[in-house]
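Below is one structure, written out as structure tokens; the observations come after it.
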Amino acid sequence: MAQASIGDSEFDRGTAVTPREPGVYDAQLSPGWTIMNVLSGGYLLATIGRALGDALPHPHPFAVSAHYLTPSVPGPAVVRTETIRSGRTLSTGQASLFQTEEDGSEVERIRVLASYGDLETLPDDVRTTAKPPAIPPLEHCVSTADGPSQPGDFSMIDRLAMRIDPATIGWAVGAPSGTGEMRAWFALADGRDADPLSLLLTVDALPPTSFELGLRGWTPTIELTIHVRCRPAPGPLRVAIATRNLAGGFLEEDAEVWDSADRLVAQARQLARAPRD
């Protein structure tokens, strides 16, 4: 069977899904999208989002909420989708990603509820008090390719072209600011333009804000909700993430993604478990 909506970029190949039967898709999760030896939650969500975009009658994710149940590993996976409602302007579906354990049992890794629509049909009216994040020019920011080596597998970094605001890079030199903020210019390393699907990766691709709080280690996502507001213009994106409250071993991350036309193209909030010593 043909793969659903696959392009020539590494992101498209890595998130490709192959229809097995109506509503069921096979995927091969790539080890190239790992951070600290764990597959990126945004990468996994983009893979599920691609399956939903093929299964639902509308093409673009509008609101996507994912609950991460168990860690996913590189290798085969199955995405099972269900259309809950199909309307004129929006359709709603759910999807779950499953993997098979060594003993042959099937385990649900992620469960998603999402509404899809057509971004090209939205009106142009914008009334907002939101402003793009204040990030120094791209050439004055720090490339992740030039940063200090970190323990563990950070394969995904090679697939991204990120330049981090120097004000939020103190964690990399042992001097975290304590502000719980992370800001960066963002693009895919192979030059693929951002689109609504890749925004599902973008909101979860920066180093965690916990690093700037002075905490190191894996920050597993518990729940992630994304609102896609419009199709990004060509060019690098600006991403700002902030944590205002860490309590009880959990923290939130609020993300905004802005395009080269100064438009807010995506918003996200996630609840994550703080790194454990």
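Here, A, B, ... name the chains of the structure tokens in the order displayed, residue numbers run from 1 inside each chain, and ligands are numbered from 1 in the same displayed order.
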Using DSSP secondary structure from the backbone, list all strand (DSSP E or B) positions within region 115-204 of chain A, as a PDB file with N, CA and C atoms, in the first residue's frame.
```pdb
ATOM      1  N   SER A 115      -9.172  17.806  16.812  1.00  0.00           N
ATOM      2  CA  SER A 115     -10.091  18.409  15.852  1.00  0.00           C
ATOM      3  C   SER A 115      -9.278  18.923  14.670  1.00  0.00           C
ATOM      4  N   TYR A 116      -9.724  18.588  13.466  1.00  0.00           N
ATOM      5  CA  TYR A 116      -9.054  18.989  12.233  1.00  0.00           C
ATOM      6  C   TYR A 116      -9.986  19.883  11.412  1.00  0.00           C
ATOM      7  N   GLY A 117      -9.376  20.784  10.646  1.00  0.00           N
ATOM      8  CA  GLY A 117     -10.127  21.667   9.766  1.00  0.00           C
ATOM      9  C   GLY A 117      -9.290  22.027   8.560  1.00  0.00           C
ATOM     10  N   VAL A 142      22.935  31.047  19.679  1.00  0.00           N
ATOM     11  CA  VAL A 142      23.871  29.928  19.817  1.00  0.00           C
ATOM     12  C   VAL A 142      23.322  28.701  19.096  1.00  0.00           C
ATOM     13  N   SER A 143      24.069  28.191  18.131  1.00  0.00           N
ATOM     14  CA  SER A 143      23.666  26.998  17.407  1.00  0.00           C
ATOM     15  C   SER A 143      23.798  25.772  18.295  1.00  0.00           C
ATOM     16  N   LEU A 160      17.640  19.152  13.334  1.00  0.00           N
ATOM     17  CA  LEU A 160      17.072  20.473  13.566  1.00  0.00           C
ATOM     18  C   LEU A 160      18.130  21.541  13.353  1.00  0.00           C
ATOM     19  N   ALA A 161      17.685  22.718  12.916  1.00  0.00           N
ATOM     20  CA  ALA A 161      18.558  23.886  12.826  1.00  0.00           C
ATOM     21  C   ALA A 161      18.044  24.886  13.849  1.00  0.00           C
ATOM     22  N   MET A 162      18.572  24.789  15.063  1.00  0.00           N
ATOM     23  CA  MET A 162      18.127  25.655  16.152  1.00  0.00           C
ATOM     24  C   MET A 162      19.244  26.592  16.575  1.00  0.00           C
ATOM     25  N   ARG A 163      18.860  27.830  16.851  1.00  0.00           N
ATOM     26  CA  ARG A 163      19.787  28.794  17.438  1.00  0.00           C
ATOM     27  C   ARG A 163      19.105  29.375  18.671  1.00  0.00           C
ATOM     28  N   ILE A 164      19.720  29.128  19.823  1.00  0.00           N
ATOM     29  CA  ILE A 164      19.085  29.452  21.093  1.00  0.00           C
ATOM     30  C   ILE A 164      19.499  30.846  21.557  1.00  0.00           C
ATOM     31  N   GLU A 181      12.766  29.772  31.317  1.00  0.00           N
ATOM     32  CA  GLU A 181      12.432  30.214  29.958  1.00  0.00           C
ATOM     33  C   GLU A 181      13.413  29.629  28.954  1.00  0.00           C
ATOM     34  N   MET A 182      12.901  29.380  27.738  1.00  0.00           N
ATOM     35  CA  MET A 182      13.736  28.909  26.636  1.00  0.00           C
ATOM     36  C   MET A 182      13.216  29.573  25.361  1.00  0.00           C
ATOM     37  N   ARG A 183      14.116  30.158  24.587  1.00  0.00           N
ATOM     38  CA  ARG A 183      13.739  30.823  23.336  1.00  0.00           C
ATOM     39  C   ARG A 183      14.737  30.444  22.252  1.00  0.00           C
ATOM     40  N   ALA A 184      14.240  30.270  21.021  1.00  0.00           N
ATOM     41  CA  ALA A 184      15.148  29.877  19.943  1.00  0.00           C
ATOM     42  C   ALA A 184      14.532  30.151  18.578  1.00  0.00           C
ATOM     43  N   TRP A 185      15.408  30.341  17.603  1.00  0.00           N
ATOM     44  CA  TRP A 185      15.037  30.241  16.194  1.00  0.00           C
ATOM     45  C   TRP A 185      14.987  28.758  15.857  1.00  0.00           C
ATOM     46  N   PHE A 186      14.023  28.365  15.024  1.00  0.00           N
ATOM     47  CA  PHE A 186      13.825  26.939  14.783  1.00  0.00           C
ATOM     48  C   PHE A 186      13.544  26.674  13.300  1.00  0.00           C
ATOM     49  N   ALA A 187      14.165  25.618  12.780  1.00  0.00           N
ATOM     50  CA  ALA A 187      13.874  25.122  11.433  1.00  0.00           C
ATOM     51  C   ALA A 187      14.331  23.667  11.370  1.00  0.00           C
ATOM     52  N   LEU A 188      13.869  22.959  10.354  1.00  0.00           N
ATOM     53  CA  LEU A 188      14.370  21.615  10.106  1.00  0.00           C
ATOM     54  C   LEU A 188      15.682  21.719   9.335  1.00  0.00           C
TER      55      LEU A 188
END
```
Spatial neighbours of Ala272 (chain A), max dist 7 Å, only C-alpha atoms, sep filter under 3 positions, as a compact mmCIF listing (two decimals) with N, CA, C and O atoms, in the first residue's frame:
```txt
# COMPACT_ATOMS: atom_id res chain seq x y z
N THR A 219 12.69 14.93 31.14
CA THR A 219 11.48 15.60 31.61
C THR A 219 10.31 15.01 30.84
O THR A 219 9.87 15.57 29.82
N PRO A 220 9.76 13.86 31.25
CA PRO A 220 8.74 13.19 30.46
C PRO A 220 7.41 13.95 30.42
O PRO A 220 6.93 14.44 31.45
N THR A 221 6.85 14.06 29.23
CA THR A 221 5.56 14.72 29.05
C THR A 221 4.44 13.81 29.53
O THR A 221 4.39 12.63 29.18
N ILE A 222 3.53 14.37 30.31
CA ILE A 222 2.34 13.65 30.75
C ILE A 222 1.18 13.92 29.80
O ILE A 222 0.50 13.00 29.34
N PHE A 250 5.93 18.24 39.37
CA PHE A 250 5.44 18.45 38.01
C PHE A 250 5.59 19.92 37.64
O PHE A 250 5.57 20.81 38.50
N LEU A 251 5.73 20.18 36.34
CA LEU A 251 5.82 21.55 35.84
C LEU A 251 5.03 21.68 34.55
O LEU A 251 4.77 20.69 33.86
N GLU A 252 4.62 22.91 34.25
CA GLU A 252 3.97 23.18 32.97
C GLU A 252 4.96 23.88 32.03
O GLU A 252 5.87 24.55 32.50
```
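The gap separating CA of Asp125 (chain A) from CA of Leu224 (chain A) is 27.6 Å, in Å to one decimal.
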I'd like the neighbourhood of Asp26 (chain A) as a ChimeraX atom specification, where a residue qualifies if any of its atoms comes within 6 Å (using only C-alpha atoms), though same-chain residues fewer than 6 positions away should be ignored.
/A:17-18,78
Thr100 (chain A) surroundings by only C-alpha atoms, 12 Å radius, close-in-sequence under 2 positions cut, as a ChimeraX atom specification:
/A:72-78,97-98,102-109
Can you write out the residues you just picked, keeping N, CA and C atoms, as a short mmCIF file (atom, residue, chain, number, x, y, z; two decimals), in the first residue's frame?
```
data_model
loop_
_atom_site.label_atom_id
_atom_site.label_comp_id
_atom_site.auth_asym_id
_atom_site.auth_seq_id
_atom_site.Cartn_x
_atom_site.Cartn_y
_atom_site.Cartn_z
N SER A 72 7.67 5.36 24.28
CA SER A 72 7.77 4.68 22.99
C SER A 72 9.24 4.41 22.66
N VAL A 73 9.48 3.38 21.87
CA VAL A 73 10.84 3.02 21.49
C VAL A 73 10.93 2.94 19.96
N PRO A 74 12.11 3.15 19.40
CA PRO A 74 12.25 3.00 17.94
C PRO A 74 11.83 1.61 17.49
N GLY A 75 11.21 1.56 16.31
CA GLY A 75 10.77 0.28 15.77
C GLY A 75 9.33 0.34 15.30
N PRO A 76 8.74 -0.80 15.01
CA PRO A 76 7.38 -0.84 14.47
C PRO A 76 6.36 -0.31 15.47
N ALA A 77 5.31 0.30 14.93
CA ALA A 77 4.19 0.78 15.74
C ALA A 77 2.94 0.74 14.88
N VAL A 78 1.80 0.75 15.52
CA VAL A 78 0.51 0.77 14.85
C VAL A 78 -0.28 1.96 15.39
N LEU A 97 -1.46 5.13 19.58
CA LEU A 97 -0.27 4.48 19.05
C LEU A 97 0.06 3.29 19.93
N PHE A 98 0.25 2.13 19.31
CA PHE A 98 0.54 0.89 20.02
C PHE A 98 1.87 0.32 19.55
N GLU A 102 8.15 -7.58 23.94
CA GLU A 102 8.88 -8.81 23.63
C GLU A 102 8.04 -10.06 23.91
N ASP A 103 7.12 -9.96 24.86
CA ASP A 103 6.29 -11.14 25.17
C ASP A 103 5.08 -11.26 24.25
N GLY A 104 5.00 -10.37 23.24
CA GLY A 104 3.91 -10.43 22.28
C GLY A 104 2.69 -9.61 22.64
N SER A 105 2.67 -9.02 23.82
CA SER A 105 1.52 -8.20 24.22
C SER A 105 1.60 -6.82 23.57
N GLU A 106 0.44 -6.26 23.27
CA GLU A 106 0.38 -4.94 22.64
C GLU A 106 0.12 -3.89 23.72
N VAL A 107 0.93 -2.83 23.70
CA VAL A 107 0.85 -1.79 24.72
C VAL A 107 0.51 -0.46 24.07
N GLU A 108 -0.46 0.24 24.64
CA GLU A 108 -0.82 1.57 24.16
C GLU A 108 0.19 2.58 24.70
N ARG A 109 0.83 3.33 23.81
CA ARG A 109 1.84 4.30 24.21
C ARG A 109 1.25 5.71 24.39
#
```
Extract the full set of alpha helix (DSSP H) residues from region 35-176 of chain A according to DSSP on the backbone, and format it as a tab-separated table (two decimals) with C-alpha atoms, in the first residue's frame.
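Just written: result-v8.tsv:
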```tsv
chain	number	residue	atom	x	y	z
A	41	GLY	CA	7.02	13.43	22.19
A	42	GLY	CA	6.53	15.99	19.42
A	43	TYR	CA	7.89	13.58	16.82
A	44	LEU	CA	5.51	10.87	18.01
A	45	LEU	CA	2.58	13.29	17.96
A	46	ALA	CA	3.41	14.33	14.40
A	47	THR	CA	3.37	10.66	13.36
A	48	ILE	CA	-0.08	10.19	14.90
A	49	GLY	CA	-1.16	13.53	13.44
A	50	ARG	CA	-0.22	12.35	9.96
A	51	ALA	CA	-2.43	9.29	10.36
A	52	LEU	CA	-5.34	11.41	11.60
A	53	GLY	CA	-4.89	13.82	8.69
A	54	ASP	CA	-5.26	10.89	6.32
A	55	ALA	CA	-8.22	9.36	8.14
```
Counting only C-alpha atoms, what is within 7 Å of Trp33 (chain A), bar same-chain residues fewer than 6 positions away, as a VMD selection string?
chain A and resid 39 to 40 43 155 to 156
Which one of A:Ser260, A:Gln99, A:Ser86, A:Thr209 sits closest to Ala194 (chain A) if you count only C-alpha atoms?
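The shortest atom-to-atom distance to Ala194 (chain A) comes from A:Ser260.
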Using only C-alpha atoms, which of the listed residues (A:Ala242, A:Val257, A:Ala233, A:Ala130) sits closest to Thr202 (chain A)?
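Of all the options, A:Val257 lies closest to Thr202 (chain A).
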Within 12 Å of region 56-59 of chain A: each region 143-216 of chain A residue with its shortest pair, only C-alpha atoms, as a Markdown table:
```
| residue | atom | partner | partner_atom | distance |
| --- | --- | --- | --- | --- |
| A:Asp195 | CA | A:Pro59 | CA | 11.5 |
| A:Pro196 | CA | A:Pro59 | CA | 9.3 |
| A:Leu197 | CA | A:Pro59 | CA | 9.6 |
```
Go ahead and save the residues from that selection, with N, CA, C and O atoms, as an mmCIF file, in the first residue's frame.
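Output saved as again_10.cif:
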```cif
data_model
loop_
_atom_site.group_PDB
_atom_site.id
_atom_site.type_symbol
_atom_site.label_atom_id
_atom_site.label_comp_id
_atom_site.auth_asym_id
_atom_site.auth_seq_id
_atom_site.Cartn_x
_atom_site.Cartn_y
_atom_site.Cartn_z
ATOM 1 N N ASP A 195 5.073 23.414 8.251
ATOM 2 C CA ASP A 195 3.671 23.328 7.867
ATOM 3 C C ASP A 195 2.867 22.963 9.111
ATOM 4 O O ASP A 195 3.436 22.777 10.195
ATOM 5 N N PRO A 196 1.543 22.874 9.003
ATOM 6 C CA PRO A 196 0.758 22.582 10.204
ATOM 7 C C PRO A 196 1.172 21.295 10.903
ATOM 8 O O PRO A 196 1.174 21.231 12.136
ATOM 9 N N LEU A 197 1.536 20.262 10.146
ATOM 10 C CA LEU A 197 1.921 19.002 10.774
ATOM 11 C C LEU A 197 3.236 19.131 11.530
ATOM 12 O O LEU A 197 3.367 18.650 12.665
#
```
Please indicate the distance in Å from CA of Ala95 (chain A) to CA of Ala16 (chain A), rounded to one decimal place.
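Going from CA of Ala95 (chain A) over to CA of Ala16 (chain A), I get 15.4 Å.
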Residues at most 10 Å from Gly178 (chain A), counting only C-alpha atoms, excluding those fewer than 4 positions away in the same chain, as a list in words?
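Counting only the stated atoms, we get Thr168, Gly170, Trp171, Thr209, Ser210, Phe211, Glu212, Leu213, Gly214 and Leu215 of chain A.
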Same residues, all heavy atoms, saved as an mmCIF file, in the first residue's frame:
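Ended up saving to part_39.cif:
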```
data_model
loop_
_atom_site.group_PDB
_atom_site.id
_atom_site.type_symbol
_atom_site.label_atom_id
_atom_site.label_comp_id
_atom_site.auth_asym_id
_atom_site.auth_seq_id
_atom_site.Cartn_x
_atom_site.Cartn_y
_atom_site.Cartn_z
ATOM 1 N N THR A 168 19.059 32.292 27.418
ATOM 2 C CA THR A 168 18.439 31.067 27.932
ATOM 3 C C THR A 168 19.336 29.839 27.733
ATOM 4 O O THR A 168 18.855 28.711 27.736
ATOM 5 C CB THR A 168 17.079 30.822 27.247
ATOM 6 O OG1 THR A 168 17.279 30.534 25.853
ATOM 7 C CG2 THR A 168 16.168 32.026 27.382
ATOM 8 N N GLY A 170 22.256 29.401 29.660
ATOM 9 C CA GLY A 170 23.154 29.265 30.804
ATOM 10 C C GLY A 170 23.303 27.845 31.292
ATOM 11 O O GLY A 170 24.373 27.457 31.780
ATOM 12 N N TRP A 171 22.252 27.031 31.155
ATOM 13 C CA TRP A 171 22.315 25.638 31.594
ATOM 14 C C TRP A 171 23.442 24.867 30.931
ATOM 15 O O TRP A 171 24.003 23.936 31.516
ATOM 16 C CB TRP A 171 20.992 24.938 31.297
ATOM 17 C CG TRP A 171 20.573 25.033 29.860
ATOM 18 C CD1 TRP A 171 19.845 26.018 29.276
ATOM 19 C CD2 TRP A 171 20.898 24.108 28.810
ATOM 20 N NE1 TRP A 171 19.682 25.781 27.921
ATOM 21 C CE2 TRP A 171 20.318 24.614 27.614
ATOM 22 C CE3 TRP A 171 21.606 22.907 28.762
ATOM 23 C CZ2 TRP A 171 20.427 23.952 26.384
ATOM 24 C CZ3 TRP A 171 21.720 22.258 27.542
ATOM 25 C CH2 TRP A 171 21.138 22.771 26.370
ATOM 26 N N THR A 209 12.522 23.606 29.683
ATOM 27 C CA THR A 209 12.738 24.759 30.556
ATOM 28 C C THR A 209 13.326 24.348 31.900
ATOM 29 O O THR A 209 13.936 25.176 32.588
ATOM 30 C CB THR A 209 11.409 25.493 30.801
ATOM 31 O OG1 THR A 209 10.447 24.551 31.299
ATOM 32 C CG2 THR A 209 10.879 26.111 29.517
ATOM 33 N N SER A 210 13.164 23.093 32.276
ATOM 34 C CA SER A 210 13.728 22.625 33.543
ATOM 35 C C SER A 210 15.249 22.786 33.575
ATOM 36 O O SER A 210 15.842 22.951 34.642
ATOM 37 C CB SER A 210 13.345 21.165 33.793
ATOM 38 O OG SER A 210 13.773 20.331 32.728
ATOM 39 N N PHE A 211 15.891 22.766 32.396
ATOM 40 C CA PHE A 211 17.340 22.980 32.360
ATOM 41 C C PHE A 211 17.694 24.360 32.931
ATOM 42 O O PHE A 211 18.641 24.504 33.691
ATOM 43 C CB PHE A 211 17.865 22.870 30.925
ATOM 44 C CG PHE A 211 17.975 21.462 30.405
ATOM 45 C CD1 PHE A 211 17.494 20.381 31.130
ATOM 46 C CD2 PHE A 211 18.565 21.212 29.168
ATOM 47 C CE1 PHE A 211 17.600 19.082 30.641
ATOM 48 C CE2 PHE A 211 18.672 19.911 28.677
ATOM 49 C CZ PHE A 211 18.191 18.860 29.411
ATOM 50 N N GLU A 212 16.908 25.378 32.531
ATOM 51 C CA GLU A 212 17.174 26.735 33.017
ATOM 52 C C GLU A 212 16.722 26.928 34.456
ATOM 53 O O GLU A 212 17.023 27.951 35.076
ATOM 54 C CB GLU A 212 16.516 27.780 32.110
ATOM 55 C CG GLU A 212 17.340 28.199 30.907
ATOM 56 C CD GLU A 212 18.655 28.876 31.299
ATOM 57 O OE1 GLU A 212 19.672 28.161 31.474
ATOM 58 O OE2 GLU A 212 18.672 30.109 31.436
ATOM 59 N N LEU A 213 15.984 25.954 34.998
ATOM 60 C CA LEU A 213 15.651 25.966 36.421
ATOM 61 C C LEU A 213 16.716 25.261 37.250
ATOM 62 O O LEU A 213 16.575 25.126 38.471
ATOM 63 C CB LEU A 213 14.293 25.293 36.649
ATOM 64 C CG LEU A 213 13.075 26.053 36.125
ATOM 65 C CD1 LEU A 213 11.817 25.198 36.260
ATOM 66 C CD2 LEU A 213 12.895 27.377 36.855
ATOM 67 N N GLY A 214 17.763 24.781 36.586
ATOM 68 C CA GLY A 214 18.849 24.134 37.286
ATOM 69 C C GLY A 214 18.662 22.647 37.478
ATOM 70 O O GLY A 214 19.380 22.027 38.274
ATOM 71 N N LEU A 215 17.721 22.049 36.743
ATOM 72 C CA LEU A 215 17.461 20.620 36.844
ATOM 73 C C LEU A 215 17.930 19.943 35.570
ATOM 74 O O LEU A 215 17.717 20.455 34.467
ATOM 75 C CB LEU A 215 15.964 20.359 37.046
ATOM 76 C CG LEU A 215 15.338 21.020 38.278
ATOM 77 C CD1 LEU A 215 13.833 20.809 38.272
ATOM 78 C CD2 LEU A 215 15.958 20.464 39.551
#
```
Contact residues around Glu256 (chain A) with only C-alpha atoms at 10 Å, ignoring same-chain residues under 5 positions, as an NGL selection string:
:A and (130-133 or 183 or 202-203 or 226-227 or 238-242 or 264-269)
